[in-house]
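Undergrad: Structure: model_12.pdb, PDB, C-alpha atoms, pLDDT in the B column.
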ATOM      1  CA  MET A   1       0.000   0.000   0.000  1.00 64.00           C
ATOM      2  CA  ASN A   2       1.369   3.362  -1.009  1.00 76.00           C
ATOM      3  CA  LEU A   3       0.684   6.030   1.550  1.00 88.00           C
ATOM      4  CA  VAL A   4       0.807   9.760   0.980  1.00 93.00           C
ATOM      5  CA  VAL A   5       2.697  11.179   3.935  1.00 94.00           C
ATOM      6  CA  SER A   6       2.086  14.818   4.891  1.00 94.00           C
ATOM      7  CA  LYS A   7       4.731  15.022   7.574  1.00 95.00           C
ATOM      8  CA  LYS A   8       7.697  13.082   8.848  1.00 96.00           C
ATOM      9  CA  LEU A   9       8.366  13.090  12.575  1.00 96.00           C
ATOM     10  CA  ASP A  10      11.689  11.841  13.917  1.00 96.00           C
ATOM     11  CA  CYS A  11      11.274  10.601  17.488  1.00 95.00           C
ATOM     12  CA  ARG A  12      14.257   8.278  17.523  1.00 95.00           C
ATOM     13  CA  TRP A  13      16.350   8.438  20.685  1.00 92.00           C
ATOM     14  CA  MET A  14      13.460   9.879  22.624  1.00 92.00           C
ATOM     15  CA  TYR A  15      11.756   8.510  25.701  1.00 93.00           C
ATOM     16  CA  THR A  16       8.279   8.558  27.117  1.00 92.00           C
ATOM     17  CA  PRO A  17       6.138  10.613  26.686  1.00 95.00           C
ATOM     18  CA  LEU A  18       7.854  12.499  23.857  1.00 95.00           C
ATOM     19  CA  ALA A  19       6.677  10.388  20.900  1.00 96.00           C
ATOM     20  CA  VAL A  20       2.986  10.811  21.742  1.00 97.00           C
ATOM     21  CA  VAL A  21       3.450  14.427  22.783  1.00 97.00           C
ATOM     22  CA  HIS A  22       5.093  15.279  19.448  1.00 96.00           C
ATOM     23  CA  LEU A  23       2.324  13.361  17.652  1.00 97.00           C
ATOM     24  CA  TYR A  24      -0.275  15.398  19.515  1.00 97.00           C
ATOM     25  CA  PHE A  25       1.325  18.731  18.597  1.00 97.00           C
ATOM     26  CA  ALA A  26       1.837  17.692  14.969  1.00 96.00           C
ATOM     27  CA  PHE A  27      -1.772  16.520  14.641  1.00 97.00           C
ATOM     28  CA  ARG A  28      -3.045  19.844  15.971  1.00 95.00           C
ATOM     29  CA  GLU A  29      -1.653  21.447  12.807  1.00 94.00           C
ATOM     30  CA  MET A  30      -2.984  18.780  10.430  1.00 95.00           C
ATOM     31  CA  ARG A  31      -6.293  18.006   8.789  1.00 96.00           C
ATOM     32  CA  SER A  32      -8.424  14.893   9.139  1.00 97.00           C
ATOM     33  CA  GLY A  33      -7.200  12.077   6.882  1.00 96.00           C
ATOM     34  CA  GLU A  34      -3.610  13.304   6.687  1.00 97.00           C
ATOM     35  CA  ILE A  35      -0.815  10.862   7.529  1.00 97.00           C
ATOM     36  CA  ILE A  36       2.343  11.196   9.603  1.00 97.00           C
ATOM     37  CA  GLU A  37       5.382   8.968   9.284  1.00 97.00           C
ATOM     38  CA  LEU A  38       6.741   8.579  12.802  1.00 97.00           C
ATOM     39  CA  LEU A  39      10.249   7.247  13.323  1.00 97.00           C
ATOM     40  CA  ILE A  40      10.944   5.485  16.631  1.00 96.00           C
ATOM     41  CA  ASN A  41      13.641   3.154  17.826  1.00 95.00           C
ATOM     42  CA  ASN A  42      12.611   1.782  21.188  1.00 93.00           C
ATOM     43  CA  GLU A  43       9.895  -0.565  22.435  1.00 94.00           C
ATOM     44  CA  GLU A  44       8.590   1.953  24.920  1.00 95.00           C
ATOM     45  CA  SER A  45       7.666   4.448  22.203  1.00 96.00           C
ATOM     46  CA  HIS A  46       6.041   1.691  20.133  1.00 97.00           C
ATOM     47  CA  ALA A  47       3.897   0.609  23.088  1.00 97.00           C
ATOM     48  CA  ASP A  48       3.087   4.254  23.864  1.00 97.00           C
ATOM     49  CA  VAL A  49       1.970   5.060  20.317  1.00 98.00           C
ATOM     50  CA  GLN A  50      -0.216   1.928  20.212  1.00 98.00           C
ATOM     51  CA  SER A  51      -1.932   2.954  23.458  1.00 97.00           C
ATOM     52  CA  TRP A  52      -2.213   6.532  22.241  1.00 98.00           C
ATOM     53  CA  SER A  53      -3.795   5.298  18.996  1.00 98.00           C
ATOM     54  CA  ARG A  54      -6.375   3.216  20.903  1.00 97.00           C
ATOM     55  CA  MET A  55      -7.184   6.079  23.278  1.00 96.00           C
ATOM     56  CA  THR A  56      -7.484   8.791  20.629  1.00 96.00           C
ATOM     57  CA  GLY A  57      -8.882   6.734  17.750  1.00 96.00           C
ATOM     58  CA  ASN A  58      -6.171   7.898  15.331  1.00 97.00           C
ATOM     59  CA  PRO A  59      -5.261   4.671  13.490  1.00 97.00           C
ATOM     60  CA  ILE A  60      -1.781   3.274  12.855  1.00 97.00           C
ATOM     61  CA  LEU A  61      -2.165   2.290   9.204  1.00 97.00           C
ATOM     62  CA  GLN A  62       1.140   0.552   8.765  1.00 96.00           C
ATOM     63  CA  VAL A  63       4.341  -0.386  10.574  1.00 96.00           C
ATOM     64  CA  ARG A  64       7.535  -0.758   8.583  1.00 95.00           C
ATOM     65  CA  ASP A  65      10.599  -2.341  10.106  1.00 94.00           C
ATOM     66  CA  LYS A  66      13.634  -0.448   8.808  1.00 93.00           C
ATOM     67  CA  GLN A  67      16.153  -2.464  10.858  1.00 92.00           C
ATOM     68  CA  GLU A  68      17.565   0.563  12.683  1.00 93.00           C
ATOM     69  CA  HIS A  69      14.148   1.970  13.460  1.00 95.00           C
ATOM     70  CA  LEU A  70      10.408   1.485  12.986  1.00 96.00           C
ATOM     71  CA  SER A  71       8.331   3.726  10.757  1.00 97.00           C
ATOM     72  CA  LEU A  72       4.746   4.051  11.952  1.00 97.00           C
ATOM     73  CA  PHE A  73       2.202   5.566   9.594  1.00 98.00           C
ATOM     74  CA  VAL A  74      -0.401   7.270  11.719  1.00 97.00           C
ATOM     75  CA  GLN A  75      -3.508   8.886  10.301  1.00 97.00           C
ATOM     76  CA  LYS A  76      -5.466  11.717  11.832  1.00 97.00           C
ATOM     77  CA  LYS A  77      -9.061  10.527  12.187  1.00 94.00           C
TER      78      LYS A  77
ATOM     79  CA  MET B   8     -15.310  10.578  32.201  1.00 60.00           C
ATOM     80  CA  SER B   9     -16.046  14.163  33.035  1.00 60.00           C
ATOM     81  CA  GLU B  10     -19.760  14.838  32.836  1.00 58.00           C
ATOM     82  CA  LYS B  11     -19.095  18.318  31.503  1.00 66.00           C
ATOM     83  CA  ASN B  12     -17.399  17.594  28.179  1.00 78.00           C
ATOM     84  CA  GLY B  13     -16.932  13.839  27.760  1.00 83.00           C
ATOM     85  CA  ARG B  14     -13.125  14.016  28.035  1.00 93.00           C
ATOM     86  CA  ARG B  15     -11.187  11.731  30.336  1.00 96.00           C
ATOM     87  CA  ARG B  16      -9.567  13.331  33.326  1.00 97.00           C
ATOM     88  CA  LEU B  17      -6.302  12.986  35.205  1.00 98.00           C
ATOM     89  CA  ALA B  18      -5.867  14.604  38.614  1.00 98.00           C
ATOM     90  CA  ILE B  19      -2.397  14.681  40.167  1.00 98.00           C
ATOM     91  CA  ILE B  20      -1.067  15.920  43.484  1.00 98.00           C
ATOM     92  CA  ALA B  21       2.636  16.762  43.189  1.00 97.00           C
ATOM     93  CA  SER B  22       4.107  16.855  46.683  1.00 96.00           C
ATOM     94  CA  LYS B  23       7.818  16.390  45.990  1.00 95.00           C
ATOM     95  CA  GLY B  24      10.193  18.858  44.380  1.00 91.00           C
ATOM     96  CA  THR B  25      13.451  17.004  43.829  1.00 91.00           C
ATOM     97  CA  LEU B  26      14.653  16.510  40.262  1.00 88.00           C
ATOM     98  CA  ASP B  27      13.834  12.793  40.262  1.00 89.00           C
ATOM     99  CA  TRP B  28      10.356  13.221  41.725  1.00 93.00           C
ATOM    100  CA  ALA B  29       9.551  16.194  39.479  1.00 94.00           C
ATOM    101  CA  TYR B  30       9.432  13.880  36.474  1.00 95.00           C
ATOM    102  CA  PRO B  31       6.405  11.617  37.151  1.00 96.00           C
ATOM    103  CA  PRO B  32       3.763  14.388  37.398  1.00 97.00           C
ATOM    104  CA  PHE B  33       4.960  16.158  34.243  1.00 97.00           C
ATOM    105  CA  ILE B  34       5.493  12.966  32.222  1.00 97.00           C
ATOM    106  CA  LEU B  35       2.037  11.653  33.097  1.00 98.00           C
ATOM    107  CA  ALA B  36       0.367  15.048  32.624  1.00 98.00           C
ATOM    108  CA  THR B  37       1.824  15.514  29.131  1.00 98.00           C
ATOM    109  CA  ALA B  38       1.102  11.905  28.117  1.00 98.00           C
ATOM    110  CA  ALA B  39      -2.522  12.368  29.193  1.00 98.00           C
ATOM    111  CA  GLY B  40      -2.665  15.762  27.491  1.00 98.00           C
ATOM    112  CA  ALA B  41      -1.408  14.131  24.289  1.00 98.00           C
ATOM    113  CA  MET B  42      -4.435  11.815  24.497  1.00 97.00           C
ATOM    114  CA  ASN B  43      -6.681  14.836  24.836  1.00 96.00           C
ATOM    115  CA  TRP B  44      -7.434  14.226  28.505  1.00 97.00           C
ATOM    116  CA  GLU B  45      -8.216  17.084  30.821  1.00 97.00           C
ATOM    117  CA  VAL B  46      -5.395  17.369  33.353  1.00 98.00           C
ATOM    118  CA  ALA B  47      -4.804  19.256  36.571  1.00 98.00           C
ATOM    119  CA  ILE B  48      -1.759  19.114  38.829  1.00 98.00           C
ATOM    120  CA  PHE B  49      -2.061  20.380  42.373  1.00 97.00           C
ATOM    121  CA  PHE B  50       1.340  21.476  43.683  1.00 97.00           C
ATOM    122  CA  THR B  51       1.657  21.294  47.435  1.00 96.00           C
ATOM    123  CA  PHE B  52       4.375  21.228  50.070  1.00 95.00           C
ATOM    124  CA  TYR B  53       7.733  20.431  48.460  1.00 94.00           C
ATOM    125  CA  GLY B  54       6.101  20.142  45.040  1.00 95.00           C
ATOM    126  CA  LEU B  55       5.277  23.851  45.025  1.00 95.00           C
ATOM    127  CA  PRO B  56       8.720  25.088  43.837  1.00 94.00           C
ATOM    128  CA  LEU B  57       8.051  23.250  40.548  1.00 95.00           C
ATOM    129  CA  LEU B  58       5.842  26.218  39.655  1.00 96.00           C
ATOM    130  CA  LYS B  59       8.676  28.735  40.023  1.00 95.00           C
ATOM    131  CA  LYS B  60       9.598  30.740  36.937  1.00 93.00           C
ATOM    132  CA  LYS B  61      13.175  29.536  37.194  1.00 91.00           C
ATOM    133  CA  LEU B  62      13.351  25.883  38.166  1.00 87.00           C
ATOM    134  CA  ASP B  63      16.175  24.763  40.409  1.00 83.00           C
ATOM    135  CA  ALA B  64      15.188  21.209  41.323  1.00 79.00           C
ATOM    136  CA  SER B  65      18.086  19.099  42.520  1.00 82.00           C
ATOM    137  CA  VAL B  66      18.542  15.505  43.546  1.00 80.00           C
ATOM    138  CA  SER B  67      20.338  13.991  46.506  1.00 74.00           C
ATOM    139  CA  PRO B  68      21.806  10.505  46.526  1.00 71.00           C
ATOM    140  CA  LEU B  69      21.686  10.797  50.301  1.00 70.00           C
ATOM    141  CA  GLY B  70      18.546   9.035  51.423  1.00 70.00           C
ATOM    142  CA  ASN B  71      18.136   7.487  47.976  1.00 72.00           C
ATOM    143  CA  PRO B  72      20.236   4.360  48.450  1.00 68.00           C
ATOM    144  CA  ALA B  73      18.976   2.812  45.199  1.00 70.00           C
ATOM    145  CA  MET B  74      20.173   5.756  43.102  1.00 72.00           C
ATOM    146  CA  PRO B  75      22.989   4.688  40.806  1.00 68.00           C
ATOM    147  CA  MET B  76      25.871   7.138  40.740  1.00 66.00           C
ATOM    148  CA  LYS B  77      27.346   6.972  37.274  1.00 66.00           C
ATOM    149  CA  MET B  78      29.447   9.247  35.145  1.00 65.00           C
ATOM    150  CA  PRO B  79      27.475  10.356  32.054  1.00 66.00           C
ATOM    151  CA  PHE B  80      30.437   9.702  29.754  1.00 69.00           C
ATOM    152  CA  GLY B  81      33.957   8.359  29.664  1.00 72.00           C
ATOM    153  CA  PRO B  82      35.443   5.103  30.903  1.00 69.00           C
ATOM    154  CA  LEU B  83      33.357   5.083  34.084  1.00 66.00           C
ATOM    155  CA  GLU B  84      30.038   5.362  32.235  1.00 71.00           C
ATOM    156  CA  LYS B  85      29.007   1.742  32.784  1.00 70.00           C
ATOM    157  CA  ILE B  86      30.294   1.494  36.304  1.00 71.00           C
ATOM    158  CA  ASP B  87      28.254   2.063  39.419  1.00 70.00           C
ATOM    159  CA  LEU B  88      30.374   4.080  41.810  1.00 68.00           C
ATOM    160  CA  PRO B  89      29.807   2.978  45.391  1.00 67.00           C
ATOM    161  CA  ILE B  90      30.074   6.110  47.509  1.00 69.00           C
ATOM    162  CA  PRO B  91      29.561   5.894  51.271  1.00 68.00           C
ATOM    163  CA  ASN B  92      26.960   8.155  52.879  1.00 69.00           C
ATOM    164  CA  LEU B  93      29.685   9.618  55.054  1.00 68.00           C
ATOM    165  CA  ILE B  94      31.319  11.108  51.973  1.00 70.00           C
ATOM    166  CA  MET B  95      28.073  12.167  50.294  1.00 69.00           C
ATOM    167  CA  SER B  96      26.898  14.047  53.355  1.00 70.00           C
ATOM    168  CA  ASN B  97      30.213  15.711  54.165  1.00 72.00           C
ATOM    169  CA  VAL B  98      31.766  16.666  50.856  1.00 73.00           C
ATOM    170  CA  PRO B  99      30.615  20.211  49.994  1.00 75.00           C
ATOM    171  CA  GLY B 100      28.894  20.417  46.637  1.00 79.00           C
ATOM    172  CA  PHE B 101      28.208  16.691  46.388  1.00 78.00           C
ATOM    173  CA  GLN B 102      24.495  17.221  45.859  1.00 80.00           C
ATOM    174  CA  GLN B 103      25.127  19.826  43.151  1.00 82.00           C
ATOM    175  CA  MET B 104      27.471  17.388  41.459  1.00 80.00           C
ATOM    176  CA  ALA B 105      24.943  14.540  41.649  1.00 81.00           C
ATOM    177  CA  THR B 106      22.291  16.879  40.203  1.00 85.00           C
ATOM    178  CA  ALA B 107      24.567  17.964  37.366  1.00 84.00           C
ATOM    179  CA  LEU B 108      25.429  14.336  36.599  1.00 82.00           C
ATOM    180  CA  MET B 109      21.776  13.313  36.500  1.00 82.00           C
ATOM    181  CA  LYS B 110      20.822  16.233  34.243  1.00 84.00           C
ATOM    182  CA  LYS B 111      23.708  15.503  31.904  1.00 85.00           C
ATOM    183  CA  THR B 112      22.928  11.786  31.737  1.00 83.00           C
ATOM    184  CA  PHE B 113      19.237  12.440  31.088  1.00 82.00           C
ATOM    185  CA  LYS B 114      20.044  14.918  28.330  1.00 83.00           C
ATOM    186  CA  LYS B 115      22.511  12.568  26.707  1.00 82.00           C
ATOM    187  CA  LYS B 116      20.006   9.694  26.773  1.00 81.00           C
ATOM    188  CA  GLY B 117      17.247  11.784  25.153  1.00 81.00           C
ATOM    189  CA  VAL B 118      15.064  12.394  28.196  1.00 86.00           C
ATOM    190  CA  ALA B 119      13.217  15.706  28.163  1.00 88.00           C
ATOM    191  CA  SER B 120      14.108  18.262  30.836  1.00 89.00           C
ATOM    192  CA  ILE B 121      11.553  19.265  33.465  1.00 92.00           C
ATOM    193  CA  GLU B 122      11.435  22.736  31.887  1.00 92.00           C
ATOM    194  CA  GLU B 123      10.572  21.259  28.484  1.00 93.00           C
ATOM    195  CA  LEU B 124       7.883  18.989  29.917  1.00 95.00           C
ATOM    196  CA  ARG B 125       6.370  21.861  31.880  1.00 96.00           C
ATOM    197  CA  ASP B 126       6.293  24.073  28.763  1.00 96.00           C
ATOM    198  CA  MET B 127       4.532  21.273  26.897  1.00 96.00           C
ATOM    199  CA  ALA B 128       2.031  20.859  29.723  1.00 97.00           C
ATOM    200  CA  VAL B 129       1.279  24.598  29.582  1.00 97.00           C
ATOM    201  CA  GLU B 130       0.872  24.374  25.814  1.00 96.00           C
ATOM    202  CA  MET B 131      -1.675  21.561  26.371  1.00 97.00           C
ATOM    203  CA  ASP B 132      -3.670  23.687  28.822  1.00 96.00           C
ATOM    204  CA  VAL B 133      -2.860  21.460  31.771  1.00 98.00           C
ATOM    205  CA  ARG B 134      -4.138  23.257  34.885  1.00 97.00           C
ATOM    206  CA  LEU B 135      -1.294  24.017  37.280  1.00 97.00           C
ATOM    207  CA  ILE B 136      -2.649  24.795  40.716  1.00 97.00           C
ATOM    208  CA  GLY B 137      -0.489  26.137  43.541  1.00 95.00           C
ATOM    209  CA  CYS B 138      -1.510  25.497  47.127  1.00 94.00           C
ATOM    210  CA  GLN B 139      -2.112  28.785  48.962  1.00 92.00           C
ATOM    211  CA  MET B 140      -1.392  27.316  52.375  1.00 91.00           C
ATOM    212  CA  THR B 141       2.045  26.079  51.306  1.00 92.00           C
ATOM    213  CA  MET B 142       2.757  29.418  49.618  1.00 91.00           C
ATOM    214  CA  ASP B 143       2.057  31.316  52.818  1.00 92.00           C
ATOM    215  CA  VAL B 144       3.952  28.868  55.032  1.00 92.00           C
ATOM    216  CA  PHE B 145       7.082  28.813  52.852  1.00 92.00           C
ATOM    217  CA  GLY B 146       6.845  32.453  51.764  1.00 92.00           C
ATOM    218  CA  PHE B 147       6.109  32.136  48.053  1.00 93.00           C
ATOM    219  CA  LYS B 148       4.314  34.874  46.140  1.00 93.00           C
ATOM    220  CA  LYS B 149       2.179  34.408  43.033  1.00 93.00           C
ATOM    221  CA  GLU B 150       4.749  36.485  41.116  1.00 94.00           C
ATOM    222  CA  ASP B 151       7.355  33.798  41.841  1.00 94.00           C
ATOM    223  CA  PHE B 152       5.390  31.370  39.686  1.00 95.00           C
ATOM    224  CA  ILE B 153       4.874  31.082  35.950  1.00 95.00           C
ATOM    225  CA  ASP B 154       1.957  33.163  34.676  1.00 96.00           C
ATOM    226  CA  GLU B 155      -0.110  30.081  33.866  1.00 96.00           C
ATOM    227  CA  ALA B 156      -0.189  28.947  37.494  1.00 96.00           C
ATOM    228  CA  GLU B 157      -3.463  29.396  39.347  1.00 96.00           C
ATOM    229  CA  ILE B 158      -3.986  29.442  43.084  1.00 96.00           C
ATOM    230  CA  GLY B 159      -6.259  27.063  44.908  1.00 95.00           C
ATOM    231  CA  GLY B 160      -6.789  24.809  47.870  1.00 94.00           C
ATOM    232  CA  ALA B 161      -7.816  21.286  48.742  1.00 94.00           C
ATOM    233  CA  ALA B 162     -11.418  21.856  47.690  1.00 96.00           C
ATOM    234  CA  THR B 163     -10.253  23.227  44.318  1.00 95.00           C
ATOM    235  CA  PHE B 164      -8.394  19.982  43.692  1.00 96.00           C
ATOM    236  CA  LEU B 165     -11.210  17.768  44.949  1.00 96.00           C
ATOM    237  CA  GLU B 166     -13.805  19.467  42.765  1.00 96.00           C
ATOM    238  CA  PHE B 167     -11.675  18.625  39.721  1.00 96.00           C
ATOM    239  CA  ALA B 168     -10.769  15.150  41.013  1.00 97.00           C
ATOM    240  CA  ALA B 169     -14.416  14.302  41.731  1.00 96.00           C
ATOM    241  CA  ASP B 170     -14.897  13.696  38.012  1.00 95.00           C
ATOM    242  CA  ALA B 171     -11.444  12.239  37.339  1.00 97.00           C
ATOM    243  CA  ASN B 172     -10.795   8.824  35.819  1.00 97.00           C
ATOM    244  CA  VAL B 173      -7.301   8.654  37.288  1.00 97.00           C
ATOM    245  CA  THR B 174      -6.132  10.347  40.468  1.00 98.00           C
ATOM    246  CA  LEU B 175      -2.549  10.153  41.674  1.00 98.00           C
ATOM    247  CA  PHE B 176      -0.658  11.344  44.723  1.00 97.00           C
ATOM    248  CA  ILE B 177       3.006  11.751  43.873  1.00 96.00           C
TER     249      ILE B 177
END
Could the structure of this file be written out as structure tokens, please?
TA:
Amino acid sequence: MNLVVSKKLDCRWMYTPLAVVHLYFAFREMRSGEIIELLINNEESHADVQSWSRMTGNPILQVRDKQEHLSLFVQKK
Amino acid sequence: MSEKNGRRRLAIIASKGTLDWAYPPFILATAAGAMNWEVAIFFTFYGLPLLKKKLDASVSPLGNPAMPMKMPFGPLEKIDLPIPNLIMSNVPGFQQMATALMKKTFKKKGVASIEELRDMAVEMDVRLIGCQMTMDVFGFKKEDFIDEAEIGGAATFLEFAADANVTLFI
């Protein structure tokens, strides 16, 4: 699936709660339906973003394993 | 969920003002804010200085026996330095050094500073409530605090917490 990404957010080397906080601030500036590519490289951030997605209803469309990091494609609902 | 607007609520009492204990309230408040929860932190007793315009929270290894003392860089980075209490309590400036080491290590590891987390909380409209009683006892004035701070008491907190989904005393 080819996704049109509106914004790329690099949250590698960051700890809780920064990934979800940066997602929140980025989504405030975006429109419904737009997609963010979020780069993370620890399990904590992955777990956080999954919980955040369930709590806020903004879906994670795709997860790509890039060896050194994960790319999560998160859509604003 | 709050009856007023259907948002979830987090109510926190922050009662400790050391660098280590300053983290949990601000981390949880910003995480909840990121999920669009309504958040209020009630700062009381030693937590109150966390509202000061210029933060100066420090940490003491004295009385925190589980705190690892590590150098943030260099050959000693991986090694836990066993330092007797007798030295920690008697060497002048030891607490300042421990504080500087913790701040440096946190920064190097990618942990946000308390200042950054507090700015984010403000940006998310987290309510920051200072306890009047503590202010008067310890001699703080409203001008000492950031502009976003409001003043309240136990009932102020409880009114907010009455509709909270999560309430924490830290």
Undergrad: Excluding region 158-174 of chain B and any residue of its chain fewer than 5 positions from it, enumerate the residues within 8 Å of it, using all atoms listed in the file, and give them as a ChimeraX atom specification.
TA: /B:8-10,15-19,47,49,136-140,149
Undergrad: Could you tell me which residues of chain B sit within 8 Å of chain A when counting all atoms listed in the file, and give me the result as an NGL selection string?
TA: :B and (34-35 or 37-38 or 40-43 or 116-119)
Undergrad: Translate the PyMOL selection byres ((chain A and resi 75) around 6), as applied to the file shown, into an explicit residue set as number ranges by chain.
TA: A: 33-35, 58-59, 74, 76
Undergrad: Considering all atoms listed in the file, state which residue in the set B:Val144, B:Phe50, B:Leu175, B:Ser96 is at the smallest distance from Gly70 (chain B).
TA: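 Looking only at the distances to Gly70 (chain B), the closest residue turns out to be B:Ser96.
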Undergrad: Could you jot down the CA of Phe147 (chain B) to CA of Glu130 (chain B) separation for me, Å, one decimal place?
TA: 24.1 Å
Undergrad: What's the separation between CA of Asp151 (chain B) and CA of Ser67 (chain B), in Å to one decimal place?
TA: 24.1 Å
Undergrad: Could you give me, as a JSON list (two decimals) with C-alpha atoms, keeping the file's coordinate frame, the residues within 12 Å of Asp154 (chain B), counting all atoms listed in the file and dropping anything in the same chain fewer than 5 positions from it?
TA:
[["chain", "number", "residue", "atom", "x", "y", "z"],
["B", 58, "LEU", "CA", 5.84, 26.22, 39.66],
["B", 59, "LYS", "CA", 8.68, 28.74, 40.02],
["B", 60, "LYS", "CA", 9.60, 30.74, 36.94],
["B", 126, "ASP", "CA", 6.29, 24.07, 28.76],
["B", 129, "VAL", "CA", 1.28, 24.60, 29.58],
["B", 134, "ARG", "CA", -4.14, 23.26, 34.88],
["B", 135, "LEU", "CA", -1.29, 24.02, 37.28],
["B", 136, "ILE", "CA", -2.65, 24.80, 40.72],
["B", 137, "GLY", "CA", -0.49, 26.14, 43.54],
["B", 148, "LYS", "CA", 4.31, 34.87, 46.14],
["B", 149, "LYS", "CA", 2.18, 34.41, 43.03]]
Undergrad: So that I can see what lies close to region 65-69 of chain A, please list as a PyMOL selection string the residues with an atom at most 8 Å from it, counting all atoms listed in the file and leaving out residues fewer than 3 positions away in the same chain.
TA: chain A and resi 12+39-42
Undergrad: For this structure, which residues satisfy the selection - the PyMOL selection byres ((chain B and resi 101-105) around 8) - when it is evaluated on the file as given? I want them as a list in words.
TA: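 Checked against the file, the PyMOL selection byres ((chain B and resi 101-105) around 8) matches Ser65, Val66, Ser67, Pro68, Met76, Met95, Ser96, Val98, Pro99, Gly100, Thr106, Ala107, Leu108 and Met109 of chain B.
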Undergrad: Could you check how far CA of Ser32 (chain A) sits from CA of Lys8 (chain A), in Å to one decimal?
TA: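 These two atoms are separated by 16.2 Å.
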Undergrad: Which polymer residues have any atom within 8 Å of an atom of Phe52 (chain B), counting all atoms listed in the file, with same-chain residues fewer than 6 positions away left out, as a ChimeraX atom specification?
TA: /B:22-23,138,141
Undergrad: Please fill the gaps in region 43-56 of chain A so it has N, CA, C and O atoms, and write that as a short mmCIF file (atom, residue, chain, number, x, y, z; two decimals), in the frame of the given file.
TA:
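What landed in rebuild_20.cif:
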data_model
loop_
_atom_site.label_atom_id
_atom_site.label_comp_id
_atom_site.auth_asym_id
_atom_site.auth_seq_id
_atom_site.Cartn_x
_atom_site.Cartn_y
_atom_site.Cartn_z
N GLU A 43 11.16 0.15 22.21
CA GLU A 43 9.90 -0.56 22.44
C GLU A 43 8.90 0.28 23.19
O GLU A 43 7.69 0.19 22.98
N GLU A 44 9.44 1.10 24.10
CA GLU A 44 8.59 1.95 24.92
C GLU A 44 7.74 2.87 24.04
O GLU A 44 6.52 2.98 24.22
N SER A 45 8.39 3.53 23.09
CA SER A 45 7.67 4.45 22.20
C SER A 45 6.63 3.69 21.37
O SER A 45 5.52 4.19 21.15
N HIS A 46 6.98 2.48 20.93
CA HIS A 46 6.04 1.69 20.13
C HIS A 46 4.79 1.37 20.95
O HIS A 46 3.66 1.56 20.50
N ALA A 47 5.02 0.91 22.20
CA ALA A 47 3.90 0.61 23.09
C ALA A 47 3.07 1.87 23.36
O ALA A 47 1.83 1.84 23.34
N ASP A 48 3.76 2.99 23.59
CA ASP A 48 3.09 4.25 23.86
C ASP A 48 2.19 4.67 22.70
O ASP A 48 1.04 5.07 22.88
N VAL A 49 2.73 4.60 21.49
CA VAL A 49 1.97 5.06 20.32
C VAL A 49 0.76 4.15 20.08
O VAL A 49 -0.32 4.61 19.71
N GLN A 50 0.93 2.83 20.35
CA GLN A 50 -0.22 1.93 20.21
C GLN A 50 -1.33 2.29 21.20
O GLN A 50 -2.50 2.34 20.84
N SER A 51 -0.94 2.55 22.45
CA SER A 51 -1.93 2.95 23.46
C SER A 51 -2.58 4.28 23.07
O SER A 51 -3.79 4.46 23.17
N TRP A 52 -1.73 5.20 22.65
CA TRP A 52 -2.21 6.53 22.24
C TRP A 52 -3.22 6.40 21.10
O TRP A 52 -4.27 7.06 21.09
N SER A 53 -2.91 5.52 20.14
CA SER A 53 -3.80 5.30 19.00
C SER A 53 -5.15 4.75 19.46
O SER A 53 -6.20 5.19 19.01
N ARG A 54 -5.12 3.78 20.39
CA ARG A 54 -6.38 3.22 20.90
C ARG A 54 -7.17 4.26 21.68
O ARG A 54 -8.40 4.34 21.57
N MET A 55 -6.48 5.09 22.46
CA MET A 55 -7.18 6.08 23.28
C MET A 55 -7.76 7.22 22.45
O MET A 55 -8.80 7.77 22.78
N THR A 56 -7.05 7.62 21.39
CA THR A 56 -7.48 8.79 20.63
C THR A 56 -8.27 8.42 19.38
O THR A 56 -8.93 9.27 18.78
#
